[in-house]
>>> print(open('data_39.tsv').read())   # TSV, C-alpha atoms
chain	number	residue	atom	x	y	z
A	1	MET	CA	103.81	98.64	93.86
A	2	LYS	CA	102.06	99.94	90.75
A	3	ILE	CA	98.76	101.71	91.48
A	4	LEU	CA	95.94	102.98	89.27
A	5	LEU	CA	93.78	105.79	90.72
A	6	ILE	CA	90.36	106.25	89.07
A	7	ASP	CA	88.67	109.41	90.34
A	8	ASP	CA	87.18	112.50	88.67
A	9	GLU	CA	88.10	114.96	91.46
A	10	GLU	CA	91.14	116.55	89.82
A	11	LYS	CA	92.48	118.34	92.90
A	12	LEU	CA	92.22	115.17	94.98
A	13	VAL	CA	93.87	113.14	92.22
A	14	VAL	CA	96.83	115.53	92.06
A	15	HIS	CA	97.17	115.49	95.85
A	16	LEU	CA	96.99	111.71	96.14
A	17	GLN	CA	99.30	111.07	93.21
A	18	LYS	CA	101.95	113.35	94.72
A	19	GLY	CA	101.63	111.78	98.17
A	20	LEU	CA	101.69	108.21	96.90
A	21	ARG	CA	104.71	108.84	94.70
A	22	GLN	CA	106.56	110.43	97.60
A	23	ALA	CA	105.82	107.26	99.56
A	24	GLY	CA	107.53	105.23	96.85
A	25	TYR	CA	104.59	103.98	94.78
A	26	ALA	CA	104.25	104.16	91.01
A	27	VAL	CA	100.90	105.84	90.29
A	28	ASP	CA	98.86	106.31	87.11
A	29	THR	CA	95.59	108.24	87.12
A	30	ALA	CA	92.33	108.23	85.18
A	31	LEU	CA	89.61	110.87	85.47
A	32	SER	CA	86.86	108.73	83.92
A	33	ALA	CA	85.62	105.17	84.10
A	34	ALA	CA	86.29	104.52	80.40
A	35	THR	CA	89.90	105.66	80.64
A	36	GLY	CA	90.38	103.75	83.86
A	37	LEU	CA	89.10	100.51	82.34
A	38	GLU	CA	91.34	100.91	79.30
A	39	MET	CA	94.37	101.49	81.49
A	40	ALA	CA	93.51	98.62	83.82
A	41	ALA	CA	93.28	96.27	80.85
A	42	VAL	CA	96.89	96.89	79.78
A	43	GLY	CA	98.67	98.27	82.83
A	44	ASP	CA	99.34	95.23	85.03
A	45	TYR	CA	98.43	97.15	88.20
A	46	GLU	CA	98.90	95.71	91.67
A	47	LEU	CA	96.18	97.90	93.23
A	48	ILE	CA	93.30	100.01	91.88
A	49	LEU	CA	91.93	102.92	93.92
A	50	LEU	CA	88.37	103.50	92.72
A	51	ASP	CA	85.91	106.33	93.32
A	52	LEU	CA	82.22	105.37	93.24
A	53	MET	CA	80.72	108.56	91.84
A	54	LEU	CA	82.14	108.80	88.33
A	55	PRO	CA	80.68	110.71	85.35
A	56	GLY	CA	78.10	108.63	83.55
A	57	THR	CA	78.52	105.49	85.63
A	58	THR	CA	79.36	104.20	89.08
A	59	GLY	CA	82.43	102.60	90.58
A	60	PHE	CA	80.27	99.55	91.25
A	61	ASP	CA	79.81	99.12	87.49
A	62	VAL	CA	83.53	99.61	86.92
A	63	LEU	CA	84.28	96.92	89.50
A	64	ARG	CA	81.79	94.54	87.87
A	65	THR	CA	83.40	95.16	84.47
A	66	LEU	CA	86.90	94.58	85.81
A	67	ARG	CA	85.90	91.22	87.23
A	68	ALA	CA	83.88	90.26	84.15
A	69	PHE	CA	87.00	90.71	82.02
A	70	GLY	CA	89.15	88.72	84.41
A	71	LEU	CA	91.09	91.70	85.76
A	72	ASN	CA	91.72	90.61	89.33
A	73	ALA	CA	93.92	93.37	90.73
A	74	PRO	CA	92.85	94.29	94.28
A	75	VAL	CA	90.43	97.23	94.32
A	76	MET	CA	90.12	99.69	97.19
A	77	ILE	CA	87.06	101.93	97.04
A	78	LEU	CA	87.43	105.60	97.93
A	79	SER	CA	84.04	107.26	98.29
A	80	ALA	CA	81.98	109.95	99.97
A	81	LEU	CA	79.08	107.46	99.98
A	82	ASN	CA	79.27	106.30	103.56
A	83	GLN	CA	76.10	104.34	104.21
A	84	SER	CA	76.54	100.73	105.25
A	85	LYS	CA	74.69	99.50	102.16
A	86	HIS	CA	77.34	101.09	99.92
A	87	VAL	CA	80.18	99.54	101.90
A	88	VAL	CA	78.51	96.13	101.85
A	89	GLU	CA	77.84	96.28	98.11
A	90	GLY	CA	81.43	97.28	97.36
A	91	LEU	CA	82.91	94.51	99.47
A	92	ASP	CA	80.43	91.96	98.11
A	93	LEU	CA	81.55	92.86	94.58
A	94	GLY	CA	85.11	91.98	95.52
A	95	ALA	CA	86.71	95.20	96.77
A	96	VAL	CA	89.39	94.52	99.38
A	97	ASP	CA	88.70	97.71	101.36
A	98	TYR	CA	86.37	100.72	101.51
A	99	LEU	CA	87.75	104.09	102.63
A	100	ARG	CA	85.27	106.87	103.29
A	101	LYS	CA	86.04	110.39	102.06
A	102	PRO	CA	87.38	112.66	103.39
A	103	PHE	CA	90.42	110.79	104.67
A	104	GLU	CA	94.00	111.56	105.59
A	105	LEU	CA	96.79	110.45	103.29
A	106	GLU	CA	98.43	108.56	106.16
A	107	GLU	CA	95.32	106.42	106.61
A	108	LEU	CA	95.30	105.58	102.91
A	109	LEU	CA	99.00	104.65	103.05
A	110	ALA	CA	98.38	102.42	106.07
A	111	ARG	CA	95.57	100.61	104.27
A	112	ILE	CA	97.72	100.16	101.17
A	113	ARG	CA	100.42	98.60	103.32
A	114	THR	CA	97.79	96.21	104.67
A	115	VAL	CA	96.85	95.22	101.12
A	116	GLN	CA	100.54	94.63	100.37
A	117	ARG	CA	100.94	92.44	103.43
A	118	ASN	CA	97.85	90.44	102.52
A	119	GLN	CA	99.08	89.99	98.96
A	120	ALA	CA	102.50	88.97	100.18
A	121	GLY	CA	100.93	86.35	102.40
A	122	SER	CA	99.97	84.39	99.30
A	123	LYS	CA	103.03	85.28	97.23
A	124	LEU	CA	106.77	84.81	97.40
A	125	ALA	CA	107.64	87.81	99.51
A	126	VAL	CA	111.36	87.83	100.33
A	127	TRP	CA	114.05	88.52	97.74
A	128	ARG	CA	117.73	87.70	98.27
A	129	VAL	CA	120.83	88.51	96.27
A	130	GLY	CA	123.78	87.14	98.20
A	131	ASP	CA	123.39	88.42	101.76
A	132	LEU	CA	121.21	91.36	100.63
A	133	VAL	CA	117.56	90.83	101.59
A	134	MET	CA	114.40	92.74	100.61
A	135	ASP	CA	111.12	91.87	102.33
A	136	LEU	CA	108.36	92.98	99.98
A	137	ALA	CA	105.69	92.69	102.66
A	138	THR	CA	107.35	94.99	105.19
A	139	ARG	CA	109.57	96.93	102.75
A	140	ASN	CA	112.50	96.19	105.05
A	141	VAL	CA	115.98	95.86	103.54
A	142	SER	CA	118.99	94.31	105.25
A	143	ARG	CA	122.43	93.02	104.44
A	144	ALA	CA	124.25	90.43	106.50
A	145	GLY	CA	121.47	90.81	109.06
A	146	GLN	CA	121.98	94.57	109.39
A	147	THR	CA	118.95	96.76	108.65
A	148	ILE	CA	119.45	99.36	105.92
A	149	ALA	CA	117.30	102.50	105.91
A	150	LEU	CA	116.39	103.58	102.39
A	151	THR	CA	114.42	106.52	101.04
A	152	PRO	CA	111.38	105.63	98.91
A	153	ARG	CA	113.34	106.35	95.71
A	154	GLU	CA	116.31	104.30	96.86
A	155	TYR	CA	113.96	101.43	97.68
A	156	GLN	CA	112.37	101.61	94.21
A	157	LEU	CA	115.78	101.74	92.59
A	158	LEU	CA	117.01	98.71	94.53
A	159	GLU	CA	113.78	96.85	93.78
A	160	GLN	CA	114.37	97.28	90.05
A	161	LEU	CA	118.01	96.22	90.32
A	162	MET	CA	117.13	93.14	92.40
A	163	ARG	CA	114.27	92.20	90.09
A	164	GLN	CA	116.73	92.18	87.18
A	165	SER	CA	119.79	91.06	89.16
A	166	GLY	CA	122.70	90.04	86.96
A	167	ARG	CA	121.40	92.17	84.10
A	168	VAL	CA	122.65	95.64	83.21
A	169	LEU	CA	119.97	98.33	83.41
A	170	SER	CA	120.61	101.58	81.58
A	171	LYS	CA	119.98	105.01	83.06
A	172	ALA	CA	117.08	105.38	80.64
A	173	GLN	CA	115.48	102.15	81.87
A	174	LEU	CA	115.89	103.13	85.52
A	175	THR	CA	114.53	106.61	84.88
A	176	GLU	CA	111.43	105.20	83.23
A	177	LYS	CA	110.81	102.58	85.93
A	178	VAL	CA	111.61	104.62	89.04
A	179	TRP	CA	110.90	108.24	88.10
A	180	GLU	CA	108.25	107.51	85.44
A	181	THR	CA	109.68	110.15	83.12
A	182	ASP	CA	111.56	110.17	79.85
A	183	PHE	CA	115.33	110.01	80.15
A	184	ASP	CA	117.06	113.40	80.24
A	185	ARG	CA	120.69	113.05	79.16
A	186	GLY	CA	121.55	116.23	81.04
A	187	SER	CA	120.27	114.97	84.38
A	188	ASN	CA	122.45	113.22	86.95
A	189	VAL	CA	119.57	112.10	89.17
A	190	VAL	CA	120.26	108.40	88.55
A	191	GLU	CA	123.97	108.76	89.32
A	192	VAL	CA	123.23	110.62	92.54
A	193	HIS	CA	120.79	107.98	93.78
A	194	ILE	CA	123.07	105.11	92.72
A	195	HIS	CA	125.90	106.75	94.68
A	196	GLN	CA	123.75	107.00	97.81
A	197	LEU	CA	122.42	103.47	97.38
A	198	ARG	CA	125.92	102.05	96.92
A	199	LYS	CA	127.07	103.68	100.16
A	200	LYS	CA	124.21	102.05	102.03
A	201	ILE	CA	124.25	98.52	100.64
A	202	ASP	CA	127.97	98.05	99.91
A	203	ARG	CA	130.07	100.18	102.26
A	204	GLY	CA	131.34	98.08	105.15
A	205	PHE	CA	129.98	94.81	103.80
A	206	GLY	CA	133.03	93.37	102.07
A	207	VAL	CA	132.18	92.19	98.55
A	208	PRO	CA	130.43	95.00	96.62
A	209	LEU	CA	127.18	94.03	94.90
A	210	LEU	CA	126.27	97.19	92.97
A	211	GLU	CA	128.37	97.47	89.83
A	212	THR	CA	128.74	100.29	87.32
A	213	VAL	CA	129.19	99.07	83.75
A	214	VAL	CA	130.88	102.06	82.14
A	215	GLY	CA	128.94	103.47	79.20
A	216	VAL	CA	126.09	101.00	79.66
A	217	GLY	CA	124.43	101.24	83.09
A	218	TYR	CA	124.26	99.45	86.42
A	219	ARG	CA	123.67	95.95	87.71
A	220	LEU	CA	123.40	94.05	90.94
A	221	LYS	CA	125.82	91.14	90.86
A	222	GLY	CA	124.43	87.75	91.81
A	223	ALA	CA	121.33	85.66	91.27
A	224	LEU	CA	117.93	86.53	92.70
A	225	GLU	CA	116.51	83.98	95.14
A	226	ILE	CA	112.87	84.21	96.21
A	227	ASN	CA	111.61	82.73	99.47
>>> encode(input="data_39.tsv", output="structure tokens")
Amino acid sequence: MKILLIDDEEKLVVHLQKGLRQAGYAVDTALSAATGLEMAAVGDYELILLDLMLPGTTGFDVLRTLRAFGLNAPVMILSALNQSKHVVEGLDLGAVDYLRKPFELEELLARIRTVQRNQAGSKLAVWRVGDLVMDLATRNVSRAGQTIALTPREYQLLEQLMRQSGRVLSKAQLTEKVWETDFDRGSNVVEVHIHQLRKKIDRGFGVPLLETVVGVGYRLKGALEIN
């Protein structure tokens, strides 16, 4: 899931970005309403986390602008404004949730998972490549009916490979999508995670699905089916 966090509290932004990335989410941040709106217009985000008290404007105005421009990504409000009238106004403007500050990271993660489940209820939520299955709503992965436990990074890596199943993805492409950094030719982080992922999804399951294309990259063999 790709998330945009719009909040001017720099320490909180750093803390939340770190925690969300460790949980397996791709996170961009904006410290002002103007920057946040620009990023939302081009970023194809699946969730926007929005503070209400922003310099020079309010999160309510940002939410109105998003909707006026047809940007319909779910918005969760994060705010120290805790009166019922603020909650009601935010929800009436189309926010999917309202989380009062201060809050624990685990509560935010739980609410994000709820948003994902709600989104998945109206979308195609289960991916299959052969007997390998990824449930986007629950983030569960299994092969031949056997549950596979993945780390957040392994899950992100597999998600990219399944999304582009049958196509070769280079190390540079995987680095950009999963680690959100420029490719470092001296790093073996992709190889290490591919090795761990291959052990989990291929070992003991007969026909291997994860293929290394020497000198090019990696691909998941088979066609993606969505149910």
>>> closest_atom_pairs(input="data_39.tsv", of="range 134-216 of chain A", to="range 17-27 of chain A", cutoff="9 Å", atoms="all atoms listed in the file", output="Markdown table")
| residue | atom | partner | partner_atom | distance |
| --- | --- | --- | --- | --- |
| A:Thr151 | CA | A:Gly24 | CA | 8.2 |
| A:Pro152 | CA | A:Gly24 | CA | 4.4 |
| A:Arg153 | CA | A:Gly24 | CA | 6.0 |
| A:Glu154 | CA | A:Gly24 | CA | 8.8 |
| A:Tyr155 | CA | A:Gly24 | CA | 7.5 |
| A:Gln156 | CA | A:Gly24 | CA | 6.6 |
| A:Lys177 | CA | A:Ala26 | CA | 8.4 |
| A:Val178 | CA | A:Ala26 | CA | 7.6 |
| A:Trp179 | CA | A:Ala26 | CA | 8.3 |
| A:Glu180 | CA | A:Ala26 | CA | 7.6 |
>>> write_last_selection(input="data_39.tsv", atoms="C-alpha atoms", output="short mmCIF file (atom, residue, chain, number, x, y, z; two decimals), in the frame of the given file")
data_model
loop_
_atom_site.label_atom_id
_atom_site.label_comp_id
_atom_site.auth_asym_id
_atom_site.auth_seq_id
_atom_site.Cartn_x
_atom_site.Cartn_y
_atom_site.Cartn_z
CA THR A 151 114.42 106.52 101.04
CA PRO A 152 111.38 105.63 98.91
CA ARG A 153 113.34 106.35 95.71
CA GLU A 154 116.31 104.30 96.86
CA TYR A 155 113.96 101.43 97.68
CA GLN A 156 112.37 101.61 94.21
CA LYS A 177 110.81 102.58 85.93
CA VAL A 178 111.61 104.62 89.04
CA TRP A 179 110.90 108.24 88.10
CA GLU A 180 108.25 107.51 85.44
#
>>> closest_residue(input="data_39.tsv", among="A:Leu81, A:Pro74, A:Leu93, A:Gln160", to="Asn118 in chain A", atoms="all atoms listed in the file")
A:Pro74
>>> atom_distance(input="data_39.tsv", atom1="CA of Asp8 in chain A", atom2="CA of Leu49 in chain A")
11.9 Å
>>> closest_residue(input="data_39.tsv", among="A:Ser187, A:Leu174, A:Leu161, A:Gly145", to="Lys221 in chain A", atoms="all atoms listed in the file")
A:Leu161
>>> closest_residue(input="data_39.tsv", among="A:Ser84, A:Asn140, A:Arg111, A:His15", to="Ala125 in chain A", atoms="only C-alpha atoms")
A:Asn140
